[in-house]
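S.K.: My file is start_8.cif. It has mmCIF, C-alpha atoms:
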data_protein
loop_
_atom_site.group_PDB
_atom_site.id
_atom_site.type_symbol
_atom_site.label_atom_id
_atom_site.label_comp_id
_atom_site.auth_asym_id
_atom_site.auth_seq_id
_atom_site.Cartn_x
_atom_site.Cartn_y
_atom_site.Cartn_z
ATOM 1 C CA MET A 3 29.845 42.784 50.475
ATOM 2 C CA ALA A 4 27.740 45.937 50.825
ATOM 3 C CA LYS A 5 30.770 48.061 49.925
ATOM 4 C CA ILE A 6 31.323 46.048 46.759
ATOM 5 C CA CYS A 7 27.657 46.369 45.773
ATOM 6 C CA CYS A 8 27.762 50.127 46.367
ATOM 7 C CA PHE A 9 30.962 50.385 44.332
ATOM 8 C CA LEU A 10 29.468 48.323 41.461
ATOM 9 C CA HIS A 11 26.289 50.403 41.535
ATOM 10 C CA TYR A 12 28.338 53.642 41.453
ATOM 11 C CA PHE A 13 30.598 52.270 38.706
ATOM 12 C CA LEU A 14 27.696 51.111 36.519
ATOM 13 C CA ASN A 15 25.830 54.418 36.898
ATOM 14 C CA ASN A 16 28.938 56.365 35.904
ATOM 15 C CA LEU A 17 29.610 53.937 33.088
ATOM 16 C CA LYS A 18 26.095 54.517 31.730
ATOM 17 C CA LYS A 19 26.609 58.282 31.938
ATOM 18 C CA THR A 20 29.995 57.938 30.233
ATOM 19 C CA CYS A 21 28.457 55.862 27.462
ATOM 20 C CA VAL A 22 25.732 58.438 26.968
ATOM 21 C CA TYR A 23 28.355 61.210 26.808
ATOM 22 C CA ILE A 24 30.389 59.199 24.320
ATOM 23 C CA LYS A 25 27.321 58.625 22.140
ATOM 24 C CA ILE A 26 26.383 62.309 22.257
ATOM 25 C CA TYR A 27 29.941 63.333 21.433
ATOM 26 C CA TYR A 28 30.034 60.817 18.573
ATOM 27 C CA LEU A 29 26.760 62.099 17.143
ATOM 28 C CA CYS A 30 27.851 65.730 17.490
ATOM 29 C CA SER A 31 31.193 65.078 15.832
ATOM 30 C CA LYS A 32 29.420 63.258 13.034
ATOM 31 C CA LEU A 33 27.093 66.234 12.530
ATOM 32 C CA ILE A 34 30.050 68.619 12.477
ATOM 33 C CA ILE A 35 31.790 66.510 9.834
ATOM 34 C CA MET A 36 28.588 66.397 7.781
ATOM 35 C CA ALA A 37 28.193 70.164 8.062
ATOM 36 C CA LYS A 38 31.766 70.737 6.898
ATOM 37 C CA THR A 39 31.184 68.395 3.967
ATOM 38 C CA GLU A 40 28.044 70.287 2.976
ATOM 39 C CA ILE A 41 29.904 73.605 3.099
ATOM 40 C CA ASP A 42 32.632 72.202 0.884
ATOM 41 C CA LEU A 43 30.059 70.814 -1.541
ATOM 42 C CA LYS A 44 28.357 74.202 -1.684
ATOM 43 C CA LYS A 45 31.657 75.884 -2.514
ATOM 44 C CA LEU A 46 32.341 73.304 -5.207
ATOM 45 C CA GLU A 47 28.880 73.760 -6.702
ATOM 46 C CA ASP A 48 29.348 77.535 -6.751
ATOM 47 C CA ALA A 49 32.722 77.178 -8.448
ATOM 48 C CA ALA A 50 31.283 74.763 -11.024
ATOM 49 C CA SER A 51 28.422 77.177 -11.688
ATOM 50 C CA ARG A 52 30.861 80.029 -12.320
ATOM 51 C CA LEU A 53 32.995 77.855 -14.578
ATOM 52 C CA ARG A 54 29.905 76.874 -16.588
ATOM 53 C CA ALA A 55 29.119 80.574 -16.985
ATOM 54 C CA ILE A 56 32.616 81.239 -18.285
ATOM 55 C CA ALA A 57 32.616 78.173 -20.555
ATOM 56 C CA HIS A 58 31.450 79.934 -23.707
ATOM 57 C CA PRO A 59 33.770 81.388 -26.365
ATOM 58 C CA MET A 60 31.953 84.734 -26.437
ATOM 59 C CA ARG A 61 32.039 85.069 -22.653
ATOM 60 C CA ILE A 62 35.757 84.303 -22.628
ATOM 61 C CA ALA A 63 36.163 86.997 -25.301
ATOM 62 C CA ILE A 64 34.229 89.459 -23.108
ATOM 63 C CA ILE A 65 36.444 88.622 -20.127
ATOM 64 C CA SER A 66 39.593 89.079 -22.249
ATOM 65 C CA LEU A 67 38.275 92.383 -23.554
ATOM 66 C CA LEU A 68 37.551 93.618 -20.026
ATOM 67 C CA GLU A 69 40.955 92.448 -18.883
ATOM 68 C CA ASN A 70 42.586 94.881 -21.307
ATOM 69 C CA ASN A 71 39.947 97.622 -20.861
ATOM 70 C CA PRO A 72 38.920 97.882 -17.198
ATOM 71 C CA LYS A 73 35.493 99.512 -17.836
ATOM 72 C CA LEU A 74 33.373 99.188 -20.948
ATOM 73 C CA ASN A 75 29.711 99.747 -21.691
ATOM 74 C CA VAL A 76 27.522 97.398 -23.728
ATOM 75 C CA THR A 77 27.931 99.396 -26.933
ATOM 76 C CA GLU A 78 31.728 99.287 -26.717
ATOM 77 C CA ILE A 79 31.669 95.553 -26.002
ATOM 78 C CA TYR A 80 29.362 94.508 -28.850
ATOM 79 C CA SER A 81 31.021 96.801 -31.387
ATOM 80 C CA ARG A 82 34.529 95.552 -30.547
ATOM 81 C CA LEU A 83 33.447 91.904 -30.612
ATOM 82 C CA LYS A 84 31.289 92.452 -33.727
ATOM 83 C CA ILE A 85 28.205 90.783 -32.268
ATOM 84 C CA GLU A 86 24.584 91.833 -31.873
ATOM 85 C CA GLN A 87 23.671 94.059 -28.933
ATOM 86 C CA ALA A 88 21.140 91.489 -27.665
ATOM 87 C CA ALA A 89 23.773 88.737 -27.657
ATOM 88 C CA ALA A 90 26.243 90.930 -25.781
ATOM 89 C CA SER A 91 23.597 91.864 -23.198
ATOM 90 C CA HIS A 92 22.661 88.217 -22.756
ATOM 91 C CA HIS A 93 26.259 87.129 -22.095
ATOM 92 C CA LEU A 94 26.951 90.113 -19.841
ATOM 93 C CA ASN A 95 23.851 89.330 -17.796
ATOM 94 C CA ILE A 96 24.949 85.718 -17.268
ATOM 95 C CA LEU A 97 28.441 86.774 -16.202
ATOM 96 C CA LYS A 98 27.062 89.461 -13.906
ATOM 97 C CA ASN A 99 24.535 87.115 -12.246
ATOM 98 C CA LYS A 100 27.287 84.589 -11.490
ATOM 99 C CA GLY A 101 29.401 87.263 -9.807
ATOM 100 C CA ILE A 102 32.086 87.338 -12.465
ATOM 101 C CA LEU A 103 31.415 90.893 -13.626
ATOM 102 C CA ALA A 104 30.551 94.040 -11.739
ATOM 103 C CA SER A 105 28.345 96.722 -13.235
ATOM 104 C CA LYS A 106 27.949 100.395 -12.491
ATOM 105 C CA ARG A 107 25.341 102.707 -13.955
ATOM 106 C CA ALA A 108 26.309 106.168 -15.093
ATOM 107 C CA GLY A 109 23.267 107.945 -16.476
ATOM 108 C CA LYS A 110 21.746 105.744 -19.166
ATOM 109 C CA GLN A 111 24.860 103.636 -19.615
ATOM 110 C CA THR A 112 26.017 100.616 -17.642
ATOM 111 C CA PHE A 113 29.746 100.001 -17.412
ATOM 112 C CA TYR A 114 31.061 96.499 -16.844
ATOM 113 C CA SER A 115 34.312 95.417 -15.229
ATOM 114 C CA LEU A 116 35.877 92.226 -13.890
ATOM 115 C CA ARG A 117 35.201 91.596 -10.201
ATOM 116 C CA ASN A 118 38.449 89.718 -9.799
ATOM 117 C CA ASP A 119 41.670 90.138 -11.765
ATOM 118 C CA SER A 120 42.732 86.551 -11.126
ATOM 119 C CA LEU A 121 40.013 85.291 -13.478
ATOM 120 C CA SER A 122 42.260 85.907 -16.465
ATOM 121 C CA GLN A 123 44.945 83.805 -14.765
ATOM 122 C CA VAL A 124 42.475 80.915 -14.520
ATOM 123 C CA ILE A 125 41.688 81.193 -18.236
ATOM 124 C CA ASP A 126 45.415 81.360 -19.058
ATOM 125 C CA CYS A 127 46.004 78.270 -16.919
ATOM 126 C CA ILE A 128 43.236 76.367 -18.731
ATOM 127 C CA ASN A 129 44.695 77.401 -22.081
ATOM 128 C CA LYS A 130 48.156 76.207 -21.006
ATOM 129 C CA CYS A 131 46.720 72.846 -19.905
ATOM 130 C CA GLY A 132 45.207 72.355 -23.349
ATOM 131 C CA ASN A 133 48.505 73.140 -25.090
ATOM 132 C CA SER A 134 50.632 70.770 -23.009
#
As C-alpha coordinates, please, write out the structure in this file.
M.R.:
Amino acid sequence: MAKICCFLHYFLNNLKKTCVYIKIYYLCSKLIIMAKTEIDLKKLEDAASRLRAIAHPMRIAIISLLENNPKLNVTEIYSRLKIEQAAASHHLNILKNKGILASKRAGKQTFYSLRNDSLSQVIDCINKCGNS
(Lines of atoms letter the chains of each structure in order from A and count residues from 1; the text may use other names and numbers.)
(Lines give C-alpha, C1' and ligand atoms only; values in the text may rest on other atoms or scores of the structure.)
Protein backbone atom coordinates (compact mmCIF):
# COMPACT_ATOMS: atom_id res chain seq x y z
CA MET A 1 0.00 0.00 0.00
CA ALA A 2 2.89 2.35 0.78
CA LYS A 3 4.33 1.74 -2.69
CA ILE A 4 1.02 2.67 -4.30
CA CYS A 5 0.77 5.85 -2.22
CA CYS A 6 4.33 6.82 -3.15
CA PHE A 7 3.59 6.12 -6.81
CA LEU A 8 0.36 8.19 -6.69
CA HIS A 9 2.16 11.03 -4.92
CA TYR A 10 4.97 10.96 -7.54
CA PHE A 11 2.45 10.73 -10.39
CA LEU A 12 0.32 13.62 -9.11
CA ASN A 13 3.36 15.86 -8.54
CA ASN A 14 4.60 15.19 -12.07
CA LEU A 15 1.11 15.66 -13.43
CA LYS A 16 0.90 19.08 -11.76
CA LYS A 17 4.28 20.03 -13.22
CA THR A 18 3.19 18.77 -16.64
CA CYS A 19 -0.01 20.80 -16.43
CA VAL A 20 1.95 23.89 -15.49
CA TYR A 21 4.32 23.31 -18.43
CA ILE A 22 1.37 22.82 -20.76
CA LYS A 23 -0.25 26.04 -19.54
CA ILE A 24 3.00 27.98 -19.94
CA TYR A 25 3.53 26.55 -23.41
CA TYR A 26 -0.07 27.40 -24.34
CA LEU A 27 0.30 30.97 -23.11
CA CYS A 28 3.64 31.40 -24.88
CA SER A 29 2.30 30.02 -28.15
CA LYS A 30 -0.69 32.32 -27.86
CA LEU A 31 1.62 35.31 -27.35
CA ILE A 32 3.71 34.29 -30.36
CA ILE A 33 0.59 34.06 -32.52
CA MET A 34 -0.56 37.47 -31.27
CA ALA A 35 2.85 38.97 -32.01
CA LYS A 36 2.82 37.58 -35.55
CA THR A 37 -0.67 38.98 -36.06
CA GLU A 38 0.44 42.41 -34.88
CA ILE A 39 3.41 42.36 -37.26
CA ASP A 40 1.14 41.47 -40.15
CA LEU A 41 -1.30 44.21 -39.18
CA LYS A 42 1.55 46.71 -39.06
CA LYS A 43 2.65 45.71 -42.55
CA LEU A 44 -0.92 46.03 -43.80
CA GLU A 45 -1.30 49.46 -42.21
CA ASP A 46 1.96 50.61 -43.79
CA ALA A 47 0.86 49.35 -47.20
CA ALA A 48 -2.53 51.05 -46.84
CA SER A 49 -0.80 54.29 -45.84
CA ARG A 50 1.40 54.16 -48.94
CA LEU A 51 -1.58 53.40 -51.16
CA ARG A 52 -3.46 56.37 -49.70
CA ALA A 53 -0.45 58.55 -50.51
CA ILE A 54 -0.47 57.33 -54.10
CA ALA A 55 -4.26 57.65 -54.44
CA HIS A 56 -4.30 61.13 -55.95
CA PRO A 57 -4.31 61.87 -59.69
CA MET A 58 -1.46 64.38 -59.43
CA ARG A 59 0.70 62.00 -57.41
CA ILE A 60 0.09 59.24 -59.95
CA ALA A 61 1.12 61.72 -62.65
CA ILE A 62 4.32 62.51 -60.71
CA ILE A 63 5.09 58.80 -60.39
CA SER A 64 4.48 58.27 -64.12
CA LEU A 65 6.69 61.23 -64.94
CA LEU A 66 9.50 59.89 -62.75
CA GLU A 67 9.09 56.46 -64.27
CA ASN A 68 10.03 57.87 -67.67
CA ASN A 69 12.60 60.36 -66.30
CA PRO A 70 14.62 58.76 -63.49
CA LYS A 71 15.68 62.06 -61.80
CA LEU A 72 13.83 65.35 -61.91
CA ASN A 73 13.90 68.46 -59.77
CA VAL A 74 10.83 70.34 -58.56
CA THR A 75 10.99 72.91 -61.35
CA GLU A 76 11.05 70.22 -64.05
CA ILE A 77 8.16 68.38 -62.40
CA TYR A 78 5.81 71.36 -61.99
CA SER A 79 6.57 72.78 -65.43
CA ARG A 80 5.95 69.44 -67.18
CA LEU A 81 2.73 68.82 -65.25
CA LYS A 82 1.64 72.47 -65.61
CA ILE A 83 0.87 72.93 -61.91
CA GLU A 84 1.93 75.46 -59.30
CA GLN A 85 5.31 75.00 -57.62
CA ALA A 86 3.66 74.87 -54.17
CA ALA A 87 1.31 72.09 -55.27
CA ALA A 88 4.17 70.07 -56.73
CA SER A 89 6.23 70.50 -53.55
CA HIS A 90 3.26 69.45 -51.43
CA HIS A 91 2.69 66.23 -53.40
CA LEU A 92 6.41 65.44 -53.56
CA ASN A 93 6.69 65.86 -49.80
CA ILE A 94 3.83 63.43 -49.18
CA LEU A 95 5.32 60.83 -51.52
CA LYS A 96 8.77 61.27 -50.00
CA ASN A 97 7.52 60.97 -46.40
CA LYS A 98 5.73 57.71 -47.23
CA GLY A 99 8.91 56.23 -48.69
CA ILE A 100 7.70 56.21 -52.27
CA LEU A 101 10.21 58.76 -53.57
CA ALA A 102 13.87 59.29 -52.82
CA SER A 103 15.43 62.73 -52.89
CA LYS A 104 18.99 63.90 -53.32
CA ARG A 105 20.24 67.45 -52.95
CA ALA A 106 22.70 68.86 -55.43
CA GLY A 107 23.52 72.43 -54.51
CA LYS A 108 20.26 74.35 -54.23
CA GLN A 109 18.25 71.79 -56.16
CA THR A 110 16.61 68.60 -54.92
CA PHE A 111 16.24 65.76 -57.40
CA TYR A 112 13.49 63.20 -56.94
CA SER A 113 13.39 59.59 -58.11
CA LEU A 114 11.30 56.48 -57.49
CA ARG A 115 12.56 54.30 -54.65
CA ASN A 116 11.17 51.18 -56.26
CA ASP A 117 10.60 50.49 -59.95
CA SER A 118 7.81 48.02 -59.24
CA LEU A 119 5.52 50.86 -58.16
CA SER A 120 4.61 51.55 -61.77
CA GLN A 121 3.66 47.88 -62.14
CA VAL A 122 1.23 48.26 -59.22
CA ILE A 123 -0.37 51.30 -60.87
CA ASP A 124 -0.58 49.43 -64.20
CA CYS A 125 -2.20 46.49 -62.42
CA ILE A 126 -4.79 48.77 -60.79
CA ASN A 127 -5.52 50.37 -64.15
CA LYS A 128 -5.99 46.94 -65.75
CA CYS A 129 -8.39 45.90 -62.97
CA GLY A 130 -10.53 48.95 -63.67
CA ASN A 131 -10.67 48.20 -67.40
CA SER A 132 -11.67 44.55 -67.04
S.K.: Which polymer residues have any atom within 10 Å of an atom of A:Ile62, counting only C-alpha atoms, with same-chain residues fewer than 5 positions away left out, as a ChimeraX atom specification?
M.R.: /A:55-57,67-68,93,122,125
S.K.: Can you tell me, as an MDAnalysis selection string, which residues sit within 12 Å of (43.5, 85.5, -16.3) in the file's frame, using all atoms listed in the file?
M.R.: chainID A and resid 56 62:63 65:70 116:130
S.K.: If you measure from atom CA of A:Ile64 to atom CA of A:Lys45, what distance in Å do you get, rounded to one decimal?
M.R.: 24.8 Å
S.K.: Which neighbours of stretch 72-85 of chain A fall inside 9 Å, counting all atoms listed in the file, when residues of the same chain fewer than 6 positions from it are skipped, and could you give them as a list in words?
M.R.: Met60, Ala63, Ile64, Ser91, Leu94, Ser105, Gln111, Thr112, Phe113, Tyr114, Ser115 and Leu116 of chain A
S.K.: Produce the centre coordinates and the three edge lengths, each in Å to one decimal, of the box along x, y and z that contains all listed atoms of stretch 64-68 of chain A with 8 Å added on each side, as JSON.
M.R.:
{"center_x": 36.9, "center_y": 91.1, "center_z": -21.8, "size_x": 21.4, "size_y": 21.0, "size_z": 19.5}
S.K.: Quick check, in Å to one decimal: how far apart do atom CA of A:His58 and atom CA of A:Ala89 lie?
M.R.: 12.3 Å
